[in-house]
Structure formats: C-alpha cells, structure tokens
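Engineer: Structure file upload-v3.cif, mmCIF, C-alpha atoms, is pasted below:
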data_coords
#
loop_
_atom_site.label_atom_id
_atom_site.label_comp_id
_atom_site.auth_asym_id
_atom_site.auth_seq_id
_atom_site.Cartn_x
_atom_site.Cartn_y
_atom_site.Cartn_z
CA MET J 238 40.77 6.51 22.82
CA LEU J 239 41.64 8.65 19.83
CA LYS J 240 39.62 11.81 19.41
CA PHE J 241 38.91 13.33 16.08
CA HIS J 242 38.34 17.01 15.84
CA ALA J 243 35.76 18.02 13.35
CA LEU J 244 37.82 20.64 11.59
CA ASN J 245 41.21 19.09 12.11
CA LEU J 246 41.56 15.49 10.96
CA HIS J 247 44.82 14.84 12.82
CA LEU J 248 44.99 12.08 15.37
CA HIS J 249 45.59 13.29 18.93
CA PRO J 250 46.32 10.43 21.33
CA ASP J 251 45.18 10.59 24.89
CA TRP J 252 48.56 10.52 26.68
CA THR J 253 47.13 9.36 30.00
CA LEU J 254 45.92 6.17 28.36
CA VAL J 255 49.25 5.62 26.55
CA LEU J 256 51.26 6.16 29.71
CA SER J 257 49.00 3.98 31.81
CA ALA J 258 49.48 1.14 29.33
CA ALA J 259 53.28 1.67 29.07
CA LEU J 260 53.93 1.68 32.82
CA PRO J 261 53.06 -1.99 33.49
CA ALA J 262 54.97 -3.09 30.39
CA SER J 263 58.10 -1.20 31.48
CA LEU J 264 57.83 -2.58 35.03
CA LEU J 265 57.51 -6.09 33.64
CA ALA J 266 60.59 -5.58 31.45
CA LEU J 267 62.52 -4.20 34.44
CA ALA J 268 61.54 -7.19 36.60
CA LEU J 269 62.61 -9.58 33.84
CA ALA J 270 65.96 -7.79 33.47
CA LEU J 271 66.54 -8.02 37.25
CA CYS J 272 65.78 -11.74 37.23
CA VAL J 273 68.22 -12.34 34.37
CA LEU J 274 70.90 -10.26 36.12
CA SER J 275 70.39 -12.12 39.40
CA TYR J 276 70.63 -15.50 37.68
CA THR J 277 73.80 -14.46 35.83
CA LEU J 278 75.47 -13.18 39.00
CA ARG J 279 74.62 -16.35 40.95
CA ARG J 280 75.92 -18.54 38.15
CA GLY J 281 79.14 -16.52 37.91
CA HIS J 282 79.61 -16.64 41.68
CA ARG J 283 79.19 -20.43 41.68
CA ALA J 284 81.68 -20.81 38.82
CA HIS J 285 84.15 -18.53 40.62
CA ARG J 286 83.86 -20.52 43.86
CA ALA J 287 84.37 -23.79 42.00
CA GLU J 288 87.45 -22.39 40.27
CA LEU J 289 88.91 -21.17 43.57
CA ALA J 290 88.24 -24.54 45.19
CA ARG J 291 90.08 -26.25 42.33
CA ILE J 292 93.05 -23.86 42.67
CA PHE J 293 93.28 -24.36 46.44
CA GLU J 294 93.08 -28.12 45.98
CA GLN J 295 96.01 -27.97 43.57
CA LEU J 296 97.96 -25.80 46.01
CA ASP J 297 97.35 -28.32 48.78
CA LEU J 298 98.56 -31.13 46.54
CA LEU J 299 101.69 -29.17 45.62
CA ARG J 300 102.37 -28.36 49.28
CA PHE J 301 101.95 -32.03 50.20
CA ASP J 302 104.29 -33.12 47.39
CA THR J 303 106.89 -30.57 48.50
CA GLN J 304 106.67 -31.73 52.11
CA GLN J 305 107.07 -35.35 51.05
CA ALA J 306 110.05 -34.52 48.84
CA ALA J 307 111.68 -32.53 51.63
CA ALA J 308 111.10 -35.34 54.12
CA THR J 309 112.52 -38.07 51.89
CA SER J 310 115.58 -36.23 50.61
CA ALA J 311 118.38 -34.75 52.64
CA PRO J 312 119.03 -31.01 52.31
CA PRO J 313 121.31 -30.27 49.35
CA HIS J 314 123.99 -28.80 51.62
CA ASP J 315 124.37 -28.14 55.27
CA THR J 316 124.89 -24.46 55.95
CA ALA J 317 126.90 -25.12 59.09
CA ALA J 318 129.26 -27.32 57.06
CA GLY J 319 129.66 -24.43 54.57
CA PHE J 320 131.27 -22.49 57.39
CA ALA J 321 134.51 -24.43 57.07
CA GLY J 322 137.29 -21.98 57.60
CA GLY J 323 135.16 -19.86 59.93
CA THR J 324 135.72 -19.47 63.60
CA ASP J 325 134.19 -21.86 66.09
CA ALA J 326 132.02 -19.02 67.41
CA ASP J 327 130.56 -18.44 63.93
CA THR J 328 129.87 -22.13 63.48
CA ALA J 329 128.29 -22.37 66.92
CA LEU J 330 126.15 -19.29 66.22
CA LEU J 331 124.93 -20.74 62.94
CA ALA J 332 124.24 -24.13 64.51
CA ALA J 333 122.19 -22.44 67.25
CA VAL J 334 120.21 -20.46 64.70
CA MET J 335 119.54 -23.57 62.62
CA ALA J 336 118.46 -25.55 65.69
CA ARG J 337 116.08 -22.77 66.71
CA GLU J 338 114.66 -22.27 63.21
CA PRO J 339 114.91 -25.53 61.22
CA GLN J 340 112.92 -24.17 58.27
CA LEU J 341 115.95 -22.01 57.49
CA VAL J 342 118.21 -24.96 56.71
CA SER J 343 117.85 -24.60 52.96
CA GLY J 344 118.11 -21.47 50.79
CA ALA J 345 116.82 -18.85 53.22
CA GLY J 346 119.11 -20.09 56.00
CA ASP J 347 122.10 -18.91 53.98
CA TYR J 348 120.71 -15.38 53.98
CA TYR J 349 119.89 -15.48 57.67
CA ALA J 350 123.39 -16.70 58.48
CA ALA J 351 124.83 -14.05 56.16
CA ALA J 352 122.87 -11.35 57.98
CA GLN J 353 124.22 -12.66 61.29
CA LEU J 354 127.79 -12.52 59.96
CA ALA J 355 127.23 -8.99 58.63
CA ALA J 356 125.99 -7.98 62.08
CA ARG J 357 129.22 -9.34 63.56
CA GLY J 358 131.32 -7.23 61.16
CA SER J 359 132.42 -9.77 58.55
CA SER J 360 133.43 -8.53 55.11
CA ALA J 361 131.25 -9.05 52.02
CA ALA J 362 133.73 -11.45 50.41
CA GLU J 363 133.93 -13.54 53.58
CA ILE J 364 130.12 -13.67 53.87
CA ALA J 365 129.79 -14.69 50.21
CA ASN J 366 132.38 -17.46 50.60
CA ARG J 367 130.99 -18.88 53.84
CA CYS J 368 127.28 -18.73 53.04
CA GLY J 369 127.34 -19.47 49.31
CA ILE J 370 125.48 -16.31 48.29
CA VAL J 371 126.26 -13.90 45.48
CA ASN J 372 128.87 -11.23 46.18
CA GLY J 373 126.41 -8.42 45.43
CA GLU J 374 123.93 -9.75 47.97
CA ALA J 375 126.68 -9.94 50.57
CA ARG J 376 127.63 -6.32 49.84
CA VAL J 377 124.00 -5.27 50.29
CA LEU J 378 123.85 -7.05 53.66
CA VAL J 379 127.07 -5.35 54.80
CA ALA J 380 125.79 -1.94 53.63
CA LEU J 381 122.52 -2.46 55.51
CA GLN J 382 124.39 -3.41 58.66
CA GLN J 383 126.68 -0.36 58.36
CA ALA J 384 123.61 1.88 57.94
CA ARG J 385 122.05 0.35 61.06
CA ALA J 386 125.26 0.92 62.98
CA ARG J 387 125.42 4.58 61.85
CA ARG J 388 121.78 5.12 62.80
CA SER J 389 122.20 3.59 66.24
CA SER J 390 125.37 5.63 66.92
CA HIS J 391 123.58 8.96 66.34
#
Would you write out, as structure tokens, the structure that this file holds?
Structural biologist:
Amino acid sequence: MLKFHALNLHLHPDWTLVLSAALPASLLALALALCVLSYTLRRGHRAHRAELARIFEQLDLLRFDTQQAAATSAPPHDTAAGFAGGTDADTALLAAVMAREPQLVSGAGDYYAAAQLAARGSSAAEIANRCGIVNGEARVLVALQQARARRSSH
C-alpha cells in the first residue's frame, strides 16, 4: 500500500487505494443522512397534520356553538324596526332584502341596508340614523354611490 523509495524516505500513499476505500464510506454516510432526513420529514408531516386536525376540530366546535347560540337567542335588534321614521318603501325594501338573505339580519345587514339607502340617494346622516352605523361609514357609502353614479353617467 505505501511505497518507500530507497533514496527518499517519505511516505507516498497510493491515491487509488485511498479513494477506493473512501467512496463506499462516503456513500454509506450519504445513505444514512438521507434516511435520517426522510424520517424527520415524515415525523414533521405527521405532527403538522395532527395539529391541523386539532385546529379544524376546534373551529367546528366554535362554529357549532355559534350556531346554537344564534338559534337560541333572538337577534339583538331588528334592522327593519330600526327604520322607524323611514318611508314605507324603505321599510318594504329592507324587509324584502332581509327575507331574501336572512344571514344579513345581524351586523352585516345594517351595512347592506345602508348601501341600499345610499343607492336610493339618502344622506349620510339619514343612513347613519336609520341603520345604526357610524357616520363616517355612512359618508363612505354615499361617496362610493356618488362615484358610481358619476362613472355611469360618463
């Protein structure tokens, strides 16, 4: 394996033998590293799936609790009743919208009704009073409706 030269007493390794011995060792180390990486990825994937399943289960439970609470309690206020002082046409329009889209009865229904009033030309103060939304939001709805009207007129 090692050759000695008669005049020179330095060791000169035979590189073909060194490399032929190092190649199987490096391949074995690479295979071991790939196995460890594969195991780690599978374990992480399983943990991630279990965590997602737990989160979705909690979301389902929250959704079920919310549905039960909504079914057992009456809505905090009736949007059509908040239209007192409005015209009969406005009240009828809101009642028709609420009958067609019952999920809008709470919170979001106020905004939908406010958008309908803005489309009919109501002022921001009137929309805020009738629908129970903030004055700034009513002004934004009126501004959006005016922009739509300007765009459609051009």
Engineer: Which one of J:Tyr348, J:Ala262, J:Gln295, J:Phe301 sits closest to J:Val377 if you count all atoms listed in the file?
Structural biologist: J:Tyr348
Engineer: Atom CA of J:Pro261 to atom CA of J:Thr277: how many Å, to one decimal?
Structural biologist: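 Result for atom CA of J:Pro261 versus atom CA of J:Thr277: 24.3 Å, one decimal.
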Engineer: Could you work out how far atom CA of J:Ala351 lies from atom CA of J:Gln304, giving the answer in Å with one decimal?
Structural biologist: 25.7 Å
Engineer: Under the PyMOL selection byres ((chain J and resi 352-357) around 9), which residues of this model are included? Write them out as an MDAnalysis selection string.
Structural biologist: chainID J and resid 327 330:331 347:351 358:361 363:364 375 378:383 386
Engineer: Rounded to one decimal place, report the atom CA of J:Val273-atom CA of J:Ile292 distance in Å.
Structural biologist: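 Those two atoms sit 28.6 Å apart.
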Engineer: Would you give the centre and edge lengths, in Å to one decimal, of a box along x, y and z around the listed atoms of stretch 370-389 of chain J, with 5 Å added to each side, as AutoDock Vina command-line options?
Structural biologist:
--center_x 125.3 --center_y -5.6 --center_z 55.8 --size_x 17.1 --size_y 31.4 --size_z 30.8
Engineer: Please fill the gaps in stretch 351-378 of chain J so it has N, CA and C atoms, and write that as a short mmCIF file (atom, residue, chain, number, x, y, z; two decimals), in the coordinates of the input.
Structural biologist:
data_model
loop_
_atom_site.label_atom_id
_atom_site.label_comp_id
_atom_site.auth_asym_id
_atom_site.auth_seq_id
_atom_site.Cartn_x
_atom_site.Cartn_y
_atom_site.Cartn_z
N ALA J 351 124.06 -15.16 56.71
CA ALA J 351 124.83 -14.05 56.16
C ALA J 351 124.51 -12.75 56.89
N ALA J 352 123.26 -12.55 57.23
CA ALA J 352 122.87 -11.35 57.98
C ALA J 352 123.51 -11.37 59.37
N GLN J 353 123.57 -12.55 59.98
CA GLN J 353 124.22 -12.66 61.29
C GLN J 353 125.71 -12.33 61.18
N LEU J 354 126.36 -12.82 60.15
CA LEU J 354 127.79 -12.52 59.96
C LEU J 354 128.01 -11.03 59.68
N ALA J 355 127.11 -10.43 58.90
CA ALA J 355 127.23 -8.99 58.63
C ALA J 355 127.07 -8.20 59.92
N ALA J 356 126.18 -8.66 60.79
CA ALA J 356 125.99 -7.98 62.08
C ALA J 356 127.23 -8.10 62.95
N ARG J 357 127.99 -9.16 62.77
CA ARG J 357 129.22 -9.34 63.56
C ARG J 357 130.42 -8.65 62.92
N GLY J 358 130.25 -8.01 61.77
CA GLY J 358 131.32 -7.23 61.16
C GLY J 358 132.12 -7.94 60.12
N SER J 359 131.68 -9.05 59.58
CA SER J 359 132.42 -9.77 58.55
C SER J 359 132.39 -8.99 57.24
N SER J 360 133.37 -9.22 56.40
CA SER J 360 133.43 -8.53 55.11
C SER J 360 132.49 -9.22 54.11
N ALA J 361 132.17 -8.51 53.03
CA ALA J 361 131.25 -9.05 52.02
C ALA J 361 131.82 -10.30 51.35
N ALA J 362 133.11 -10.29 51.05
CA ALA J 362 133.73 -11.45 50.41
C ALA J 362 133.70 -12.66 51.34
N GLU J 363 133.95 -12.43 52.61
CA GLU J 363 133.93 -13.54 53.58
C GLU J 363 132.52 -14.11 53.72
N ILE J 364 131.52 -13.23 53.76
CA ILE J 364 130.12 -13.67 53.87
C ILE J 364 129.74 -14.48 52.63
N ALA J 365 130.12 -13.99 51.45
CA ALA J 365 129.79 -14.69 50.21
C ALA J 365 130.44 -16.06 50.17
N ASN J 366 131.69 -16.17 50.61
CA ASN J 366 132.38 -17.46 50.60
C ASN J 366 131.79 -18.44 51.61
N ARG J 367 131.48 -17.98 52.79
CA ARG J 367 130.99 -18.88 53.84
C ARG J 367 129.56 -19.33 53.62
N CYS J 368 128.71 -18.42 53.13
CA CYS J 368 127.28 -18.73 53.04
C CYS J 368 126.84 -19.16 51.64
N GLY J 369 127.70 -19.03 50.66
CA GLY J 369 127.34 -19.47 49.31
C GLY J 369 126.34 -18.55 48.63
N ILE J 370 126.38 -17.25 48.96
CA ILE J 370 125.48 -16.31 48.29
C ILE J 370 126.29 -15.48 47.32
N VAL J 371 125.61 -14.73 46.48
CA VAL J 371 126.26 -13.90 45.48
C VAL J 371 126.96 -12.73 46.17
N ASN J 372 128.08 -12.31 45.61
CA ASN J 372 128.87 -11.23 46.18
C ASN J 372 128.06 -9.94 46.34
N GLY J 373 127.23 -9.63 45.36
CA GLY J 373 126.41 -8.42 45.43
C GLY J 373 125.43 -8.45 46.59
N GLU J 374 124.85 -9.63 46.84
CA GLU J 374 123.93 -9.75 47.97
C GLU J 374 124.67 -9.57 49.29
N ALA J 375 125.88 -10.10 49.35
CA ALA J 375 126.68 -9.94 50.57
C ALA J 375 127.03 -8.48 50.79
N ARG J 376 127.34 -7.75 49.71
CA ARG J 376 127.63 -6.32 49.84
C ARG J 376 126.41 -5.55 50.32
N VAL J 377 125.23 -5.93 49.84
CA VAL J 377 124.00 -5.27 50.29
C VAL J 377 123.79 -5.51 51.78
N LEU J 378 124.00 -6.75 52.23
CA LEU J 378 123.85 -7.05 53.66
C LEU J 378 124.83 -6.25 54.51
#
